[in-house]
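Q: Got a structure for you, questions after.
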Amino acid sequence: MIIFENVGFEFEPGHPVLRNLSLELEPGQVVGLMGENGAGKTTLVKQINGLLKPTTGTVYVDGIDTRETSTAQLARKIGFVFQNADHQLFADTLQAEVAFALRNLDFSKDEIDDRVARYLELFELTRYQDQSPFLLSGGERKRLALASVLCVEPQILILDEPTQAQDALQKEKLLTFMDTFRDPEHILLLVTHDVEFAVKAVDRLLVLSQGQLIADGLPTHILSNPRILDRARLLPPQLTQLAHQLAKEFPNFPTDVTTIAAAAEAVNQLLRRQR
Ligand SMILES: Nc1ncnc2c1ncn2[C@@H]1O[C@H](COP(=O)(O)OP(=O)(O)OP(=O)(O)O)[C@@H](O)[C@H]1O
Ligand SMILES: [Mg+2]
């Protein structure tokens, strides 16, 4: 469990980036974090793995105050995929990149070989395994960053903009993978600007604006609330936009529609009423 208790953070005195944040993240949920550029999302998630420590208030990870432990200790349970993959990659080959964290955590040689092979395969990178990470395309580099963090099979996973530069097929694969984190042991926090991906991926959505939490709840409710969307500079999912358009003509048409199934059901009901 992750707990933020009245957390404030500033890089420079007098310029708060996070303001009095309180929230709890429990295992079993995939949670999304959205908000405008500069809202403080990356700053918030860096408090969880101790890369940044709160200026005021406290962050607890499984009961441990992040100020009283090291980032190395937290890294054992928390996997963090950076927004910019280039900040994360440094090894000479893809194999060495994925093996790095496993070696640090003292996995056996057989286990390392097995996981390196499995995770390179999962992210369709096997054919480049002896190559330098810097020869990969942008999307492939992002996937290598994912593979090198996920191979540790962390209990808590933080993904900062994982769909950036990914094609539709890779996004679908990422969704399938994220589903495996929806269980009583894992916590997955997804930072994203991608509303279409968020509505498919998350059970709960947090919205940050200018360092403050302005919404916490069901994605369907939040992503159809114009006031919140406006403050966080988000566009609603296309289905929600369509629903708002239809509601102008058919006043009973629901506007909190974010999935194809819900949209199809609403249209069916409308057609039944028209008959
Ligand atoms: N190391 C730093 N020193 C000073 N200010 C910083 C530093 N890192 C970030 N900031 C500032 O803190 C604010 C929040 O940045 P942060 O990276 O958390 O935003 P974000 O919500 O992740 O934005 P984006 O959607 O663009 O990724 C921004 O105004 C940024 O300029
Ligand atoms: Mg960011």
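Residue names in the structure tokens use chain letters A, B, ... in the order shown, residue numbers from 1 in each chain, and ligand numbers from 1 in the order shown.
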Let me have all residues with an atom within 8 Å of ligand 1, counting only C-alpha atoms and all ligand atoms, laid out as a PDB file with C-alpha atoms, in the first residue's frame.

A:
```pdb
ATOM      1  CA  GLU A  10       9.119  22.255  -4.047  1.00  0.00           C
ATOM      2  CA  PHE A  11      12.322  22.225  -6.104  1.00  0.00           C
ATOM      3  CA  GLU A  12      12.890  25.870  -5.201  1.00  0.00           C
ATOM      4  CA  VAL A  17       5.046  21.769  -7.445  1.00  0.00           C
ATOM      5  CA  MET A  34      -3.488  12.435 -15.673  1.00  0.00           C
ATOM      6  CA  GLY A  35      -3.122  16.205 -15.817  1.00  0.00           C
ATOM      7  CA  GLU A  36      -1.695  19.018 -17.919  1.00  0.00           C
ATOM      8  CA  ASN A  37       1.997  19.391 -18.842  1.00  0.00           C
ATOM      9  CA  GLY A  38       3.845  20.568 -15.763  1.00  0.00           C
ATOM     10  CA  ALA A  39       0.990  19.553 -13.417  1.00  0.00           C
ATOM     11  CA  GLY A  40       3.484  17.591 -11.278  1.00  0.00           C
ATOM     12  CA  LYS A  41       2.761  13.993 -12.352  1.00  0.00           C
ATOM     13  CA  THR A  42       6.374  12.897 -12.793  1.00  0.00           C
ATOM     14  CA  THR A  43       7.314  14.752  -9.606  1.00  0.00           C
ATOM     15  CA  LEU A  44       4.539  12.874  -7.778  1.00  0.00           C
ATOM     16  CA  GLN A  83       9.019   9.047 -19.260  1.00  0.00           C
ATOM     17  CA  GLU A 161       3.840   7.655 -20.398  1.00  0.00           C
ATOM     18  CA  THR A 192      -0.585   9.185 -19.294  1.00  0.00           C
ATOM     19  CA  HIS A 193      -2.026  11.874 -21.561  1.00  0.00           C
ATOM     20  CA  LEU A 208      -3.593  16.448 -10.940  1.00  0.00           C
ATOM     21  CA  GLY A 211       0.146  20.267  -8.123  1.00  0.00           C
TER      22      GLY A 211
END
```

Q: Measure the distance from atom CA of A:Val30 to atom CA of A:Thr180 in Å and round it to one decimal.

A: 9.9 Å

Q: Pick out each residue of stretch 120-231 of chain A that DSSP on the backbone tags as strand (DSSP E or B); I need them as a PyMOL selection string.

A: chain A and resi 156-160+187-191+204-209+212-217

Q: Using only C-alpha atoms and all ligand atoms, which residue out of A:Glu97, A:Ile3, A:Gln238, A:Val191 lies closest to ligand 2?

A: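 So, comparing all the options, the nearest one is A:Val191.
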
Q: When you draw a straight line from atom CA of A:Thr258 to atom CA of A:Thr220, how long is it in Å?

A: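 Between atom CA of A:Thr258 and atom CA of A:Thr220 the gap works out to 5.9 Å.
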
Q: Compile the contact shell of A:Pro154 as a PyMOL selection string: residues with an atom at most 6 Å away, counting only C-alpha atoms, same-chain residues fewer than 4 positions apart removed.

A: chain A and resi 77-79

Q: Please dump the current selection as a short mmCIF file (atom, residue, chain, number, x, y, z; two decimals), in the first residue's frame; keep C-alpha atoms.

A:
```cif
data_model
loop_
_atom_site.label_atom_id
_atom_site.label_comp_id
_atom_site.auth_asym_id
_atom_site.auth_seq_id
_atom_site.Cartn_x
_atom_site.Cartn_y
_atom_site.Cartn_z
CA LYS A 77 9.77 -3.64 -4.76
CA ILE A 78 9.15 -0.74 -7.13
CA GLY A 79 9.67 -0.86 -10.88
#
```

Q: Which of these residues is nearest to ligand 2, using only C-alpha atoms and all ligand atoms: A:Ser70, A:Tyr128, A:Asp160, A:Val149?

A: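 That would be A:Asp160, the residue with the smallest distance to ligand 2.
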
Q: By how many Å are atom CA of A:Glu24 and atom CA of A:Leu218 apart?

A: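 One can read the atom CA of A:Glu24 to atom CA of A:Leu218 distance as 15.0 Å.
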
Q: Quick one: pick out all alpha helix (DSSP H) residues within stretch 104-224 of chain A from a backbone DSSP run and write them as a count of residues only.

A: 51

Q: Would you list the contacts of A:Lys173 as a list in words, taking every protein, DNA or RNA residue within 12 Å and counting only C-alpha atoms, but skipping same-chain residues closer than 2 positions in sequence?

A: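 With the cut-off at 12 Å, the set is Leu122, Phe123, Glu124, Arg143, Pro162, Thr163, Gln166, Asp167, Ala168, Leu169, Gln170, Lys171, Leu175, Thr176, Phe177, Met178, Asp179, Thr180, Phe197 and Ala201 of chain A.
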
Q: Neighbours of A:Ser148 within 8 Å (only C-alpha atoms; same-chain residues fewer than 2 positions away dropped), as a list in words?

A: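 Listed by chain and then number, they are Glu97, Val98, Ala99, Phe100, Ala101, Tyr119, Leu144, Ala145, Leu146, Leu150, Cys151 and Val152 of chain A.
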
Q: Could you write out that same residue set with N, CA and C atoms as a PDB file, in the first residue's frame?

A:
```
ATOM      1  N   GLU A  97      21.266  -4.969 -21.016  1.00  0.00           N
ATOM      2  CA  GLU A  97      20.352  -3.979 -20.431  1.00  0.00           C
ATOM      3  C   GLU A  97      19.308  -4.673 -19.558  1.00  0.00           C
ATOM      4  N   VAL A  98      18.700  -5.731 -20.109  1.00  0.00           N
ATOM      5  CA  VAL A  98      17.649  -6.421 -19.352  1.00  0.00           C
ATOM      6  C   VAL A  98      18.250  -7.189 -18.167  1.00  0.00           C
ATOM      7  N   ALA A  99      19.480  -7.690 -18.350  1.00  0.00           N
ATOM      8  CA  ALA A  99      20.106  -8.485 -17.280  1.00  0.00           C
ATOM      9  C   ALA A  99      20.552  -7.619 -16.101  1.00  0.00           C
ATOM     10  N   PHE A 100      20.746  -6.312 -16.347  1.00  0.00           N
ATOM     11  CA  PHE A 100      21.401  -5.468 -15.345  1.00  0.00           C
ATOM     12  C   PHE A 100      20.718  -5.511 -13.969  1.00  0.00           C
ATOM     13  N   ALA A 101      19.419  -5.198 -13.949  1.00  0.00           N
ATOM     14  CA  ALA A 101      18.727  -5.139 -12.651  1.00  0.00           C
ATOM     15  C   ALA A 101      18.681  -6.518 -12.004  1.00  0.00           C
ATOM     16  N   TYR A 119      11.537 -11.792 -21.519  1.00  0.00           N
ATOM     17  CA  TYR A 119      11.076 -10.402 -21.612  1.00  0.00           C
ATOM     18  C   TYR A 119      11.468  -9.737 -22.936  1.00  0.00           C
ATOM     19  N   LEU A 144      12.181  -1.514 -24.655  1.00  0.00           N
ATOM     20  CA  LEU A 144      13.333  -2.087 -23.944  1.00  0.00           C
ATOM     21  C   LEU A 144      13.357  -1.587 -22.499  1.00  0.00           C
ATOM     22  N   ALA A 145      13.037  -0.307 -22.315  1.00  0.00           N
ATOM     23  CA  ALA A 145      12.984   0.238 -20.955  1.00  0.00           C
ATOM     24  C   ALA A 145      11.940  -0.533 -20.139  1.00  0.00           C
ATOM     25  N   LEU A 146      10.797  -0.827 -20.769  1.00  0.00           N
ATOM     26  CA  LEU A 146       9.756  -1.609 -20.085  1.00  0.00           C
ATOM     27  C   LEU A 146      10.273  -2.998 -19.724  1.00  0.00           C
ATOM     28  N   LEU A 150      10.366  -4.598 -16.063  1.00  0.00           N
ATOM     29  CA  LEU A 150       9.357  -5.628 -15.769  1.00  0.00           C
ATOM     30  C   LEU A 150       9.969  -6.985 -15.487  1.00  0.00           C
ATOM     31  N   CYS A 151      11.174  -7.239 -16.019  1.00  0.00           N
ATOM     32  CA  CYS A 151      11.797  -8.555 -15.831  1.00  0.00           C
ATOM     33  C   CYS A 151      12.030  -8.865 -14.351  1.00  0.00           C
ATOM     34  N   VAL A 152      12.094  -7.823 -13.529  1.00  0.00           N
ATOM     35  CA  VAL A 152      12.279  -8.016 -12.081  1.00  0.00           C
ATOM     36  C   VAL A 152      10.965  -8.480 -11.434  1.00  0.00           C
TER      37      VAL A 152
END
```

Q: My list of candidates is A:Ala266, A:Asn84, A:Arg118, A:Asp62. Which is closest to ligand 2 when distances are computed with only C-alpha atoms and all ligand atoms?

A: A:Asn84

Q: Name all residues at most 12 Å from A:Ala263 (count only C-alpha atoms; drop same-chain ones fewer than 2 positions away) and give them as a ChimeraX atom specification.

A: /A:220,237-244,246,253-261,265-270

Q: For the residues selected in the previous step, produce a file with C-alpha atoms as a compact mmCIF listing (two decimals), in the first residue's frame.

A:
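The resulting file, out27.txt, is reproduced below:
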```txt
# COMPACT_ATOMS: atom_id res chain seq x y z
CA THR A 220 -16.13 7.09 -16.82
CA PRO A 237 -12.57 10.19 -25.23
CA GLN A 238 -14.11 10.29 -28.72
CA LEU A 239 -17.07 8.15 -27.61
CA THR A 240 -17.84 10.64 -24.84
CA GLN A 241 -17.69 13.50 -27.36
CA LEU A 242 -20.11 11.59 -29.58
CA ALA A 243 -22.41 10.96 -26.60
CA HIS A 244 -22.48 14.69 -25.76
CA LEU A 246 -26.18 12.91 -29.37
CA PHE A 253 -28.86 9.97 -24.05
CA PRO A 254 -26.22 9.24 -21.34
CA THR A 255 -23.09 11.38 -21.55
CA ASP A 256 -20.82 9.31 -19.30
CA VAL A 257 -20.08 6.84 -22.09
CA THR A 258 -16.44 5.80 -22.53
CA THR A 259 -16.55 2.22 -23.82
CA ILE A 260 -17.82 0.77 -27.09
CA ALA A 261 -20.07 -1.63 -25.17
CA GLU A 265 -26.11 -0.21 -25.32
CA ALA A 266 -27.10 3.48 -25.19
CA VAL A 267 -27.73 3.55 -28.94
CA ASN A 268 -29.81 0.36 -28.73
CA GLN A 269 -31.94 1.85 -25.97
CA LEU A 270 -32.40 5.01 -28.00
```
